[in-house]
Each structure stands twice: as C-alpha cells, then as structure tokens.
$ cat structure_17.cif   # mmCIF, C-alpha atoms
data_input
#
loop_
_atom_site.group_PDB
_atom_site.id
_atom_site.type_symbol
_atom_site.label_atom_id
_atom_site.label_comp_id
_atom_site.auth_asym_id
_atom_site.auth_seq_id
_atom_site.Cartn_x
_atom_site.Cartn_y
_atom_site.Cartn_z
ATOM 1 C CA MET A 4 107.595 86.199 69.489
ATOM 2 C CA ALA A 5 108.578 88.862 71.960
ATOM 3 C CA LYS A 6 108.553 87.796 75.553
ATOM 4 C CA ILE A 7 108.412 89.934 78.656
ATOM 5 C CA LYS A 8 111.055 89.151 81.197
ATOM 6 C CA GLY A 9 110.941 90.500 84.703
ATOM 7 C CA TYR A 10 113.310 90.584 87.616
ATOM 8 C CA VAL A 11 112.613 91.307 91.282
ATOM 9 C CA GLU A 12 115.321 92.529 93.602
ATOM 10 C CA VAL A 13 114.634 92.060 97.311
ATOM 11 C CA ASN A 14 116.019 94.225 100.084
ATOM 12 C CA THR A 15 116.221 91.308 102.501
ATOM 13 C CA GLU A 16 117.076 93.362 105.584
ATOM 14 C CA ARG A 17 113.984 95.582 105.163
ATOM 15 C CA CYS A 18 111.653 92.654 104.499
ATOM 16 C CA LYS A 19 109.397 91.595 107.365
ATOM 17 C CA GLY A 20 108.092 88.426 105.734
ATOM 18 C CA CYS A 21 104.449 89.570 105.708
ATOM 19 C CA ASN A 22 103.701 87.358 102.676
ATOM 20 C CA LEU A 23 101.544 90.010 100.941
ATOM 21 C CA CYS A 24 103.758 90.051 97.827
ATOM 22 C CA VAL A 25 103.632 86.250 97.611
ATOM 23 C CA VAL A 26 99.817 86.426 97.583
ATOM 24 C CA ALA A 27 99.762 89.340 95.097
ATOM 25 C CA CYS A 28 102.042 87.688 92.506
ATOM 26 C CA PRO A 29 99.999 86.263 89.609
ATOM 27 C CA SER A 30 102.778 83.888 88.517
ATOM 28 C CA GLY A 31 103.825 82.347 91.827
ATOM 29 C CA VAL A 32 107.336 83.739 91.517
ATOM 30 C CA LEU A 33 107.963 84.687 95.128
ATOM 31 C CA ASP A 34 108.018 82.719 98.343
ATOM 32 C CA LEU A 35 109.255 83.166 101.897
ATOM 33 C CA GLN A 36 112.546 81.608 102.932
ATOM 34 C CA PRO A 37 111.630 78.359 104.666
ATOM 35 C CA ARG A 38 114.659 78.369 107.019
ATOM 36 C CA GLU A 39 116.869 81.446 106.676
ATOM 37 C CA VAL A 40 116.055 84.627 108.558
ATOM 38 C CA ASN A 41 117.384 88.175 108.302
ATOM 39 C CA ASN A 42 118.915 90.191 111.147
ATOM 40 C CA HIS A 43 115.468 91.046 112.505
ATOM 41 C CA GLY A 44 114.496 87.375 112.610
ATOM 42 C CA TYR A 45 112.007 87.425 109.744
ATOM 43 C CA HIS A 46 111.730 84.778 107.045
ATOM 44 C CA TYR A 47 112.355 87.186 104.170
ATOM 45 C CA VAL A 48 110.976 86.814 100.677
ATOM 46 C CA TYR A 49 113.048 85.402 97.819
ATOM 47 C CA VAL A 50 112.578 84.795 94.099
ATOM 48 C CA LYS A 51 111.674 81.127 93.871
ATOM 49 C CA GLN A 52 110.775 80.889 90.158
ATOM 50 C CA PRO A 53 112.786 83.651 88.431
ATOM 51 C CA ASP A 54 111.867 82.446 84.932
ATOM 52 C CA ASP A 55 108.133 82.997 85.493
ATOM 53 C CA CYS A 56 108.434 86.684 86.438
ATOM 54 C CA ILE A 57 106.601 89.019 84.031
ATOM 55 C CA GLY A 58 107.624 92.245 85.766
ATOM 56 C CA CYS A 59 104.044 93.315 86.538
ATOM 57 C CA ALA A 60 105.204 94.957 89.809
ATOM 58 C CA ASN A 61 102.108 93.849 91.742
ATOM 59 C CA CYS A 62 104.440 92.675 94.516
ATOM 60 C CA GLY A 63 106.119 96.086 94.666
ATOM 61 C CA TYR A 64 102.857 98.016 94.918
ATOM 62 C CA VAL A 65 101.493 95.995 97.842
ATOM 63 C CA CYS A 66 104.798 95.784 99.764
ATOM 64 C CA PRO A 67 104.332 97.877 102.934
ATOM 65 C CA ASP A 68 108.058 98.319 103.487
ATOM 66 C CA GLY A 69 109.225 99.148 99.972
ATOM 67 C CA CYS A 70 111.701 96.257 99.852
ATOM 68 C CA LEU A 71 111.082 95.262 96.247
ATOM 69 C CA THR A 72 112.580 96.779 93.103
ATOM 70 C CA ILE A 73 111.148 95.482 89.834
ATOM 71 C CA TYR A 74 112.703 95.533 86.364
ATOM 72 C CA ARG A 75 111.070 94.523 83.091
ATOM 73 C CA LYS A 76 112.531 93.960 79.634
ATOM 74 C CA LYS A 77 111.104 92.849 76.327
ATOM 75 C CA VAL A 78 113.119 89.948 74.949
ATOM 76 C CA GLU A 79 113.008 89.029 71.247
ATOM 77 C CA SER A 80 113.257 85.304 70.828
ATOM 78 C CA MET B 16 118.821 85.924 79.710
ATOM 79 C CA ASP B 17 121.403 87.590 81.849
ATOM 80 C CA ILE B 18 120.082 89.271 84.971
ATOM 81 C CA GLN B 19 122.528 92.169 84.651
ATOM 82 C CA THR B 20 121.039 93.170 81.281
ATOM 83 C CA ILE B 21 117.525 93.294 82.770
ATOM 84 C CA LYS B 22 118.725 95.130 85.850
ATOM 85 C CA SER B 23 119.400 98.493 84.261
ATOM 86 C CA PRO B 24 117.786 101.867 84.990
ATOM 87 C CA GLU B 25 115.831 102.009 81.704
ATOM 88 C CA ASN B 26 114.069 98.744 82.596
ATOM 89 C CA LEU B 27 113.084 99.897 86.079
ATOM 90 C CA VAL B 28 109.345 99.467 86.666
ATOM 91 C CA TYR B 29 108.906 100.078 90.347
ATOM 92 C CA THR B 30 111.036 100.914 93.341
ATOM 93 C CA LYS B 31 110.769 102.532 96.742
ATOM 94 C CA PRO B 32 110.413 106.331 96.345
ATOM 95 C CA ALA B 33 113.573 108.213 97.342
ATOM 96 C CA LEU B 34 111.562 110.425 99.690
ATOM 97 C CA LEU B 35 110.754 107.384 101.802
ATOM 98 C CA ASN B 36 114.085 107.089 103.589
ATOM 99 C CA ASP B 37 115.962 103.968 104.637
ATOM 100 C CA ASN B 38 114.942 104.065 108.299
ATOM 101 C CA TYR B 39 113.552 100.699 109.311
ATOM 102 C CA MET B 40 109.786 101.060 109.831
ATOM 103 C CA HIS B 41 108.453 100.157 113.259
ATOM 104 C CA TYR B 42 105.124 98.946 111.848
ATOM 105 C CA CYS B 43 104.093 95.309 112.174
ATOM 106 C CA PRO B 44 104.650 93.082 109.128
ATOM 107 C CA GLY B 45 101.916 93.660 106.545
ATOM 108 C CA CYS B 46 100.638 96.916 108.044
ATOM 109 C CA SER B 47 98.738 99.191 105.641
ATOM 110 C CA HIS B 48 100.537 102.242 107.054
ATOM 111 C CA GLY B 49 103.680 101.367 105.095
ATOM 112 C CA VAL B 50 101.838 101.303 101.770
ATOM 113 C CA VAL B 51 100.121 104.628 102.456
ATOM 114 C CA HIS B 52 103.449 106.210 103.495
ATOM 115 C CA LYS B 53 104.912 104.980 100.231
ATOM 116 C CA VAL B 54 102.009 106.419 98.208
ATOM 117 C CA ILE B 55 102.320 109.815 99.926
ATOM 118 C CA ALA B 56 106.092 109.897 99.294
ATOM 119 C CA GLU B 57 105.537 108.992 95.639
ATOM 120 C CA VAL B 58 102.925 111.718 95.122
ATOM 121 C CA ILE B 59 104.994 114.434 96.808
ATOM 122 C CA GLU B 60 107.995 113.413 94.708
ATOM 123 C CA GLU B 61 105.891 113.384 91.535
ATOM 124 C CA MET B 62 104.544 116.874 92.254
ATOM 125 C CA GLY B 63 108.023 118.173 93.137
ATOM 126 C CA LEU B 64 106.846 119.514 96.493
ATOM 127 C CA GLN B 65 109.596 118.036 98.702
ATOM 128 C CA GLU B 66 110.573 121.471 99.952
ATOM 129 C CA LYS B 67 107.002 122.716 100.347
ATOM 130 C CA ALA B 68 105.205 119.837 102.041
ATOM 131 C CA ILE B 69 104.257 119.936 105.703
ATOM 132 C CA GLY B 70 102.797 116.792 107.216
ATOM 133 C CA ILE B 71 100.999 116.671 110.541
ATOM 134 C CA ALA B 72 101.623 113.392 112.352
ATOM 135 C CA PRO B 73 98.911 112.012 114.646
ATOM 136 C CA VAL B 74 98.976 110.033 117.853
ATOM 137 C CA GLY B 75 98.669 106.341 117.146
ATOM 138 C CA CYS B 76 100.883 103.908 115.289
ATOM 139 C CA ALA B 77 101.713 106.583 112.716
ATOM 140 C CA VAL B 78 103.119 108.862 115.428
ATOM 141 C CA PHE B 79 106.607 108.227 114.007
ATOM 142 C CA ALA B 80 105.600 109.029 110.415
ATOM 143 C CA TYR B 81 108.120 111.881 110.563
ATOM 144 C CA ASN B 82 110.938 109.349 110.768
ATOM 145 C CA TYR B 83 110.151 107.853 107.391
ATOM 146 C CA ILE B 84 109.214 110.571 104.887
ATOM 147 C CA ASP B 85 111.815 113.299 104.408
ATOM 148 C CA ILE B 86 109.609 116.396 104.499
ATOM 149 C CA ASP B 87 108.736 118.882 107.254
ATOM 150 C CA TRP B 88 106.508 117.401 109.933
ATOM 151 C CA GLN B 89 104.726 118.565 113.035
ATOM 152 C CA GLU B 90 103.550 116.249 115.774
ATOM 153 C CA ALA B 91 100.056 117.067 117.027
ATOM 154 C CA ALA B 92 98.457 116.310 120.372
ATOM 155 C CA HIS B 93 95.968 113.449 120.160
ATOM 156 C CA GLY B 94 93.270 114.343 117.608
ATOM 157 C CA ARG B 95 94.433 117.908 117.079
ATOM 158 C CA ALA B 96 96.118 117.434 113.708
ATOM 159 C CA PRO B 97 93.480 119.386 111.694
ATOM 160 C CA ALA B 98 93.883 122.333 114.097
ATOM 161 C CA LEU B 99 97.658 122.377 113.578
ATOM 162 C CA ALA B 100 97.175 121.958 109.840
ATOM 163 C CA THR B 101 94.791 124.932 109.835
ATOM 164 C CA ALA B 102 97.445 127.106 111.450
ATOM 165 C CA ALA B 103 100.221 125.910 109.147
ATOM 166 C CA LYS B 104 98.182 126.414 105.984
ATOM 167 C CA ARG B 105 96.884 129.844 107.001
ATOM 168 C CA LEU B 106 100.350 131.127 107.917
ATOM 169 C CA LEU B 107 102.091 129.520 104.926
ATOM 170 C CA PRO B 108 99.465 129.351 102.175
ATOM 171 C CA ASP B 109 101.969 128.292 99.506
ATOM 172 C CA ARG B 110 102.749 125.023 101.317
ATOM 173 C CA LEU B 111 101.176 121.637 100.856
ATOM 174 C CA VAL B 112 99.678 120.819 104.252
ATOM 175 C CA PHE B 113 98.241 117.418 105.001
ATOM 176 C CA THR B 114 97.343 115.448 108.107
ATOM 177 C CA TYR B 115 97.777 111.729 108.513
ATOM 178 C CA GLN B 116 95.379 110.315 111.086
ATOM 179 C CA GLY B 117 94.021 107.027 112.308
ATOM 180 C CA ASP B 118 90.437 106.288 113.269
ATOM 181 C CA GLY B 119 91.020 106.702 117.003
ATOM 182 C CA ASP B 120 92.677 110.043 116.369
ATOM 183 C CA LEU B 121 90.285 111.463 113.762
ATOM 184 C CA ALA B 122 86.963 109.849 114.626
ATOM 185 C CA ALA B 123 87.153 109.685 118.427
ATOM 186 C CA ILE B 124 89.185 112.270 120.304
ATOM 187 C CA GLY B 125 89.598 114.592 117.314
ATOM 188 C CA THR B 126 86.017 114.601 116.024
ATOM 189 C CA ALA B 127 85.438 118.258 116.897
ATOM 190 C CA GLU B 128 88.679 119.481 115.292
ATOM 191 C CA THR B 129 88.078 117.414 112.178
ATOM 192 C CA ILE B 130 84.477 118.484 111.663
ATOM 193 C CA HIS B 131 85.154 122.152 112.271
ATOM 194 C CA ALA B 132 88.286 122.244 110.091
ATOM 195 C CA ALA B 133 86.281 120.614 107.291
ATOM 196 C CA ASN B 134 83.342 122.940 107.886
ATOM 197 C CA ARG B 135 85.608 125.974 107.607
ATOM 198 C CA GLY B 136 86.860 124.543 104.346
ATOM 199 C CA GLU B 137 90.524 124.750 105.320
ATOM 200 C CA ASN B 138 92.724 124.018 102.321
ATOM 201 C CA ILE B 139 94.260 120.901 103.778
ATOM 202 C CA ALA B 140 94.294 117.242 102.828
ATOM 203 C CA ILE B 141 93.329 114.682 105.454
ATOM 204 C CA ILE B 142 94.544 111.108 105.020
ATOM 205 C CA PHE B 143 92.404 108.985 107.303
ATOM 206 C CA ILE B 144 93.467 105.400 108.037
ATOM 207 C CA ASN B 145 90.464 103.385 109.191
ATOM 208 C CA ASN B 146 91.232 99.934 110.544
ATOM 209 C CA GLY B 147 88.357 99.704 112.993
ATOM 210 C CA ILE B 148 90.381 99.488 116.206
ATOM 211 C CA TYR B 149 92.990 101.280 118.287
ATOM 212 C CA GLY B 150 96.003 99.411 116.922
ATOM 213 C CA MET B 151 98.816 101.015 118.906
ATOM 214 C CA THR B 152 97.427 100.499 122.392
ATOM 215 C CA GLY B 153 96.444 96.865 121.947
ATOM 216 C CA GLY B 154 93.351 96.622 119.760
ATOM 217 C CA GLN B 155 90.660 98.321 121.855
ATOM 218 C CA MET B 156 87.245 99.221 120.436
ATOM 219 C CA ALA B 157 87.193 102.397 118.344
ATOM 220 C CA PRO B 158 84.151 104.371 117.122
ATOM 221 C CA THR B 159 84.641 102.737 113.727
ATOM 222 C CA THR B 160 84.652 99.157 115.061
ATOM 223 C CA LEU B 161 82.088 97.062 113.190
ATOM 224 C CA SER B 162 79.037 95.717 114.995
ATOM 225 C CA ASN B 163 79.743 92.275 116.494
ATOM 226 C CA MET B 164 83.481 92.714 115.851
ATOM 227 C CA LYS B 165 85.573 91.362 118.699
ATOM 228 C CA THR B 166 88.237 93.604 120.207
ATOM 229 C CA SER B 167 90.145 93.507 123.489
ATOM 230 C CA THR B 168 87.593 95.800 125.175
ATOM 231 C CA CYS B 169 84.531 94.118 123.677
ATOM 232 C CA PRO B 170 85.550 90.446 123.694
ATOM 233 C CA GLU B 171 81.959 89.341 123.067
ATOM 234 C CA GLY B 172 81.725 91.545 119.988
ATOM 235 C CA ARG B 173 80.507 95.145 119.713
ATOM 236 C CA ASN B 174 76.929 95.332 120.899
ATOM 237 C CA VAL B 175 75.303 98.249 119.080
ATOM 238 C CA GLN B 176 72.593 98.537 121.773
ATOM 239 C CA THR B 177 75.077 99.477 124.478
ATOM 240 C CA MET B 178 78.205 100.525 122.562
ATOM 241 C CA GLY B 179 76.747 102.485 119.680
ATOM 242 C CA ASN B 180 76.921 101.994 115.949
ATOM 243 C CA PRO B 181 80.057 102.141 113.805
ATOM 244 C CA LEU B 182 80.754 105.811 113.102
ATOM 245 C CA LYS B 183 80.801 106.598 109.389
ATOM 246 C CA ILE B 184 82.602 109.867 109.821
ATOM 247 C CA LEU B 185 83.352 110.264 106.117
ATOM 248 C CA ASP B 186 79.618 110.330 105.380
ATOM 249 C CA LEU B 187 79.221 113.085 107.965
ATOM 250 C CA LEU B 188 82.117 115.084 106.548
ATOM 251 C CA ALA B 189 80.895 114.734 102.959
ATOM 252 C CA LEU B 190 77.778 116.728 103.903
ATOM 253 C CA LEU B 191 79.797 119.806 104.827
ATOM 254 C CA ASP B 192 80.092 122.628 102.288
ATOM 255 C CA GLY B 193 83.800 123.163 102.964
ATOM 256 C CA VAL B 194 84.703 119.679 101.756
ATOM 257 C CA CYS B 195 85.645 119.308 98.087
ATOM 258 C CA LEU B 196 86.771 115.687 98.072
ATOM 259 C CA ALA B 197 85.500 112.897 100.329
ATOM 260 C CA THR B 198 86.425 109.475 99.126
ATOM 261 C CA ARG B 199 87.016 106.004 100.465
ATOM 262 C CA THR B 200 89.706 103.700 99.152
ATOM 263 C CA SER B 201 91.952 100.820 100.197
ATOM 264 C CA VAL B 202 95.474 99.520 99.604
ATOM 265 C CA HIS B 203 95.081 95.735 99.611
ATOM 266 C CA THR B 204 95.789 95.101 95.906
ATOM 267 C CA ALA B 205 98.062 96.695 93.312
ATOM 268 C CA ALA B 206 95.021 98.200 91.538
ATOM 269 C CA ALA B 207 93.746 99.685 94.810
ATOM 270 C CA VAL B 208 97.186 101.154 95.556
ATOM 271 C CA LYS B 209 97.264 102.823 92.117
ATOM 272 C CA LYS B 210 93.785 104.242 92.684
ATOM 273 C CA THR B 211 94.802 105.549 96.103
ATOM 274 C CA HIS B 212 97.826 107.169 94.446
ATOM 275 C CA ARG B 213 95.530 109.057 92.028
ATOM 276 C CA LEU B 214 93.230 110.155 94.851
ATOM 277 C CA VAL B 215 96.082 111.367 97.064
ATOM 278 C CA ARG B 216 97.399 113.362 94.101
ATOM 279 C CA LYS B 217 93.946 114.879 93.572
ATOM 280 C CA ALA B 218 93.700 115.783 97.266
ATOM 281 C CA PHE B 219 97.129 117.424 97.255
ATOM 282 C CA GLU B 220 96.245 119.350 94.090
ATOM 283 C CA ASN B 221 93.035 120.554 95.771
ATOM 284 C CA SER B 222 95.078 121.725 98.749
ATOM 285 C CA MET B 223 97.487 123.669 96.531
ATOM 286 C CA ALA B 224 94.628 125.123 94.434
ATOM 287 C CA GLY B 225 92.745 126.253 97.558
ATOM 288 C CA LYS B 226 89.576 124.370 96.733
ATOM 289 C CA GLY B 227 88.752 123.285 100.269
ATOM 290 C CA THR B 228 89.236 120.291 102.516
ATOM 291 C CA SER B 229 89.971 116.912 100.927
ATOM 292 C CA ILE B 230 89.451 113.761 102.964
ATOM 293 C CA ILE B 231 90.671 110.348 101.862
ATOM 294 C CA GLU B 232 89.601 107.440 104.024
ATOM 295 C CA VAL B 233 91.846 104.424 103.503
ATOM 296 C CA VAL B 234 90.048 101.303 104.737
ATOM 297 C CA SER B 235 92.981 99.388 106.205
ATOM 298 C CA THR B 236 93.924 96.299 108.095
ATOM 299 C CA CYS B 237 95.495 95.885 111.510
ATOM 300 C CA ASN B 238 96.542 92.279 111.372
ATOM 301 C CA SER B 239 98.163 92.340 114.831
ATOM 302 C CA GLY B 240 95.074 93.861 116.421
ATOM 303 C CA TRP B 241 92.721 91.616 114.505
ATOM 304 C CA LYS B 242 94.900 88.578 115.381
ATOM 305 C CA MET B 243 95.256 87.370 111.789
ATOM 306 C CA THR B 244 97.993 86.940 109.222
ATOM 307 C CA PRO B 245 98.368 89.925 106.865
ATOM 308 C CA ALA B 246 96.849 88.043 103.912
ATOM 309 C CA ALA B 247 93.913 86.776 106.012
ATOM 310 C CA ALA B 248 93.374 90.314 107.356
ATOM 311 C CA ASN B 249 93.074 91.612 103.783
ATOM 312 C CA ASP B 250 90.446 88.958 103.003
ATOM 313 C CA TRP B 251 88.596 89.740 106.213
ATOM 314 C CA MET B 252 88.609 93.428 105.338
ATOM 315 C CA VAL B 253 87.163 92.766 101.871
ATOM 316 C CA GLU B 254 84.489 90.514 103.345
ATOM 317 C CA HIS B 255 83.432 92.581 106.362
ATOM 318 C CA MET B 256 84.740 96.147 106.249
ATOM 319 C CA PHE B 257 83.701 96.985 102.678
ATOM 320 C CA SER B 258 80.003 96.366 103.355
ATOM 321 C CA GLU B 259 80.074 98.892 106.208
ATOM 322 C CA TYR B 260 82.544 101.270 104.560
ATOM 323 C CA PRO B 261 81.885 101.010 100.797
ATOM 324 C CA ILE B 262 84.733 102.030 98.517
ATOM 325 C CA GLY B 263 84.162 104.999 96.223
ATOM 326 C CA ASP B 264 83.672 108.753 96.031
ATOM 327 C CA LEU B 265 81.123 110.388 98.285
ATOM 328 C CA LYS B 266 81.976 113.817 96.994
ATOM 329 C CA ASN B 267 84.412 114.905 94.311
ATOM 330 C CA ILE B 268 84.043 118.452 92.999
#

$ encode --input "structure_17.cif" --output "structure tokens"
Amino acid sequence: MAKIKGYVEVNTERCKGCNLCVVACPSGVLDLQPREVNNHGYHYVYVKQPDDCIGCANCGYVCPDGCLTIYRKKVES
Amino acid sequence: MDIQTIKSPENLVYTKPALLNDNYMHYCPGCSHGVVHKVIAEVIEEMGLQEKAIGIAPVGCAVFAYNYIDIDWQEAAHGRAPALATAAKRLLPDRLVFTYQGDGDLAAIGTAETIHAANRGENIAIIFINNGIYGMTGGQMAPTTLSNMKTSTCPEGRNVQTMGNPLKILDLLALLDGVCLATRTSVHTAAAVKKTHRLVRKAFENSMAGKGTSIIEVVSTCNSGWKMTPAAANDWMVEHMFSEYPIGDLKNI
C-alpha cells in the first residue's frame, strides 16, 4: 500500500513559538522546545514525531511568520 | 525513508512566498497580520504583479508592512489610506492598488475616507483587519469592540448604552453601489487561510478589471491585546467574534 510521507523544515530563528502550528497539526507531529530557545529567546517549534507527518501543510498555512517548509512524498511499501 | 529524498523541490508542498522577504517581523507571536501578509504576497506572486503592485500601509501595527513584502508601498496618514489609493489608482490605472488597514484606522479615524472611496467605486482593494481593539497602542476600545468586551479603556466591559454599539462597517459598505465585493473571512485554520487566499485573489482581479471597490474584512485576533495565548485567542474569536461578525459574502458581483 502506498503511504504518504511528510517532512517539515523549521526556520528556527524566525519562529516565535506561538504554538499555532502545534494546535493545527492533525497528527501531533510538532511541539515547542521545552528548554532550548533561539536568539530571540523564543521556545521554537521542532518536529517531535517525524514518522507521523502526512505532509498536509496545515502547520505551514497557519504559521504567521512563514517559518515552515513542508515536503510530501508518496512511498510505495 | 531518507529525509534527503523527501526534501527535494518536486515534493515541496508549502513554503514562505519569495515576495515575503527575510526581514524579521515585529508582530507579536501568533499575530494574524503575519498570515495575511503571507496570503497577499502569495497572491501577488501568483498573479505575476510584483512590478505593478502598490500597497498603502496604514497606521497601526501594520505600519511597517512595507518592510516585509517586496512591492511598492506608500505610508498613509492615520485613516487616509483609501484617499492615497484613490490617487495612485487614478494616476496609474494599470497598477494593482490595495490598502491594508486595521479597525482603528479604517472604522474610526478613516471612516469618511473609506465610505467615500467605496461610494465613488474606486478600483482598489481594501484589506481590513478587524481584531476589535487598538492593538498597537495598548489594547484600547475601538469602534468594533464587542459589547461587554473588556479593554484597557473600558475595563468593566463595553457598555453599549454609553459607548455605542460595535460598528459593523462592512455591512454599511456593502450597501454602497460602488462596492463589488464585500466579504468577511478569517485566518485561524488552514481552510480559512485558503479561503482568504481565494478572496484576496478575487479582490485583486476586480481591481485590475476595474469593477469597483473590493473590501475583505479579516476577523483577526490580537492575543497580546486580549491577554490570551494565540491558540486561546483563536478559540475566543470563534466563540465571540463570529456571532457579531459572521463569516461569509455580503456582496459578490
């Protein structure tokens, strides 16, 4: 069965840690860094569960700062 | 599955539009302005109007909009964006002219300019960000503030007996003959962002086709001014703002 595999790339320096992408993700892929901060002092977002990403790009659409780049590929298994 | 094989240009689904430059935005985390900037940049890029677009920046948080989208901009005095847009569009009719205004700018100090520009049917697009307060100056009451909504200048909540009712300026504008598109939308979910993208495209096409004034009201959040987290502000907006400012077309001809 073909499976959809997604990948989210985060521009960590642009991210302000608003959490909107974390809420928008249907698969619970993203989360905010619990400890690390970027140069502006924000807990930036990171890909917590990379295997669950389906590349729907919901996170990218709602991101106010355009920090997310989303890729999607169909994988034959 | 190797990440490098997924991360190739043919698999790209979504990225920041190139027209939205790399300048770090001054907006608060989770601000709706960023999403609307992104949508405008995407639409201009899609229509290939980078060299022909003129934006009119307002006074308010979006006063620095010209720093973020790489097109020609003019900065208007408070509320006077539709007047500047009128001049720009009349002198350069082949350009895409749009204004980007907040509720304090469009619905308070600029009411006269907005109504008369729309009544004259100027071929401009007006992007109106309605978050119910004056965000930039510290969350004071705006004409669009909901009844009983607490702001820094009405800490007990807006009393409609003494402070007036929330101003539904889009409903007023939709009545005018010069207006060809009056619609209300939001940007809190991916579906809403896609819908806003289609509406902004329609408004820009109307401007280029000379059909009249197009007004898009984006019901937005101001999480700093509302004193909430961005996600909670979105929920609050859905619960309270949408009943006063219902989403949908008021006029689309």

$ residues_around --input "structure_17.cif" --residues "Glu128 of chain B" --least-positions-apart "5" --cutoff "7 Å" --atoms "only C-alpha atoms" --output "list of chain:residue names"
B:Arg95, B:Pro97, B:Ala98

$ resolve_selection --input "structure_17.cif" --expression "the PyMOL selection byres ((chain A) within 8 of (chain B))" --output "list in words"
Lys8, Gly9, Tyr10, Arg17, Lys19, Gly20, Cys21, Asn22, Leu23, Val26, Ala27, Gly58, Ala60, Asn61, Cys62, Gly63, Tyr64, Val65, Cys66, Pro67, Asp68, Gly69, Cys70, Leu71, Thr72, Ile73, Tyr74, Arg75 and Lys76 of chain A

$ resolve_selection --input "structure_17.cif" --expression "the PyMOL selection byres ((chain A and resi 47-52) around 9)" --output "PyMOL selection string"
chain A and resi 10-22+24-25+30-37+39-41+44-46+53-56

$ write_last_selection --input "structure_17.cif" --atoms "C-alpha atoms" --output "PDB file, in the coordinates of the input"
ATOM      1  CA  TYR A  10     113.310  90.584  87.616  1.00  0.00           C
ATOM      2  CA  VAL A  11     112.613  91.307  91.282  1.00  0.00           C
ATOM      3  CA  GLU A  12     115.321  92.529  93.602  1.00  0.00           C
ATOM      4  CA  VAL A  13     114.634  92.060  97.311  1.00  0.00           C
ATOM      5  CA  ASN A  14     116.019  94.225 100.084  1.00  0.00           C
ATOM      6  CA  THR A  15     116.221  91.308 102.501  1.00  0.00           C
ATOM      7  CA  GLU A  16     117.076  93.362 105.584  1.00  0.00           C
ATOM      8  CA  ARG A  17     113.984  95.582 105.163  1.00  0.00           C
ATOM      9  CA  CYS A  18     111.653  92.654 104.499  1.00  0.00           C
ATOM     10  CA  LYS A  19     109.397  91.595 107.365  1.00  0.00           C
ATOM     11  CA  GLY A  20     108.092  88.426 105.734  1.00  0.00           C
ATOM     12  CA  CYS A  21     104.449  89.570 105.708  1.00  0.00           C
ATOM     13  CA  ASN A  22     103.701  87.358 102.676  1.00  0.00           C
ATOM     14  CA  CYS A  24     103.758  90.051  97.827  1.00  0.00           C
ATOM     15  CA  VAL A  25     103.632  86.250  97.611  1.00  0.00           C
ATOM     16  CA  SER A  30     102.778  83.888  88.517  1.00  0.00           C
ATOM     17  CA  GLY A  31     103.825  82.347  91.827  1.00  0.00           C
ATOM     18  CA  VAL A  32     107.336  83.739  91.517  1.00  0.00           C
ATOM     19  CA  LEU A  33     107.963  84.687  95.128  1.00  0.00           C
ATOM     20  CA  ASP A  34     108.018  82.719  98.343  1.00  0.00           C
ATOM     21  CA  LEU A  35     109.255  83.166 101.897  1.00  0.00           C
ATOM     22  CA  GLN A  36     112.546  81.608 102.932  1.00  0.00           C
ATOM     23  CA  PRO A  37     111.630  78.359 104.666  1.00  0.00           C
ATOM     24  CA  GLU A  39     116.869  81.446 106.676  1.00  0.00           C
ATOM     25  CA  VAL A  40     116.055  84.627 108.558  1.00  0.00           C
ATOM     26  CA  ASN A  41     117.384  88.175 108.302  1.00  0.00           C
ATOM     27  CA  GLY A  44     114.496  87.375 112.610  1.00  0.00           C
ATOM     28  CA  TYR A  45     112.007  87.425 109.744  1.00  0.00           C
ATOM     29  CA  HIS A  46     111.730  84.778 107.045  1.00  0.00           C
ATOM     30  CA  PRO A  53     112.786  83.651  88.431  1.00  0.00           C
ATOM     31  CA  ASP A  54     111.867  82.446  84.932  1.00  0.00           C
ATOM     32  CA  ASP A  55     108.133  82.997  85.493  1.00  0.00           C
ATOM     33  CA  CYS A  56     108.434  86.684  86.438  1.00  0.00           C
TER      34      CYS A  56
END

$ atom_distance --input "structure_17.cif" --atom1 "atom CA of Leu182 of chain B" --atom2 "atom CA of Pro158 of chain B"
5.5 Å

$ closest_residue --input "structure_17.cif" --among "B:Ala103, B:Val78, B:Ile69, B:Ala189" --to "Gly150 of chain B" --atoms "only C-alpha atoms"
B:Val78

$ atom_distance --input "structure_17.cif" --atom1 "atom CA of Val215 of chain B" --atom2 "atom CA of Trp251 of chain B"
24.6 Å

$ closest_residue --input "structure_17.cif" --among "B:Asn146, B:Ile55, B:Thr236, B:Leu196" --to "Lys217 of chain B" --atoms "all atoms listed in the file"
B:Leu196

$ atom_distance --input "structure_17.cif" --atom1 "atom CA of Glu57 of chain B" --atom2 "atom CA of Asp120 of chain B"
24.4 Å

$ axis_aligned_box --input "structure_17.cif" --around "segment 148-156 of chain B" --padding-each-side "4 Å" --output "AutoDock Vina command-line options"
--center_x 93.0 --center_y 99.0 --center_z 119.3 --size_x 19.6 --size_y 12.7 --size_z 14.2

$ resolve_selection --input "structure_17.cif" --expression "the PyMOL selection byres ((chain B and resi 118) around 10)" --output "MDAnalysis selection string"
chainID B and resid 75 94 116:117 119:126 143:150 157:160 182 184 232 234

$ closest_residue --input "structure_17.cif" --among "B:Gln65, B:Thr101, B:Ser222, B:Ser258" --to "Asp85 of chain B" --atoms "all atoms listed in the file"
B:Gln65

$ residues_around --input "structure_17.cif" --residues "Asn163 of chain B" --least-positions-apart "5" --cutoff "9 Å" --atoms "all atoms listed in the file" --output "ChimeraX atom specification"
/B:169,171-175

$ closest_residue --input "structure_17.cif" --among "B:Leu107, B:Ala91, B:Ile142, B:Ala72" --to "Met223 of chain B" --atoms "only C-alpha atoms"
B:Leu107
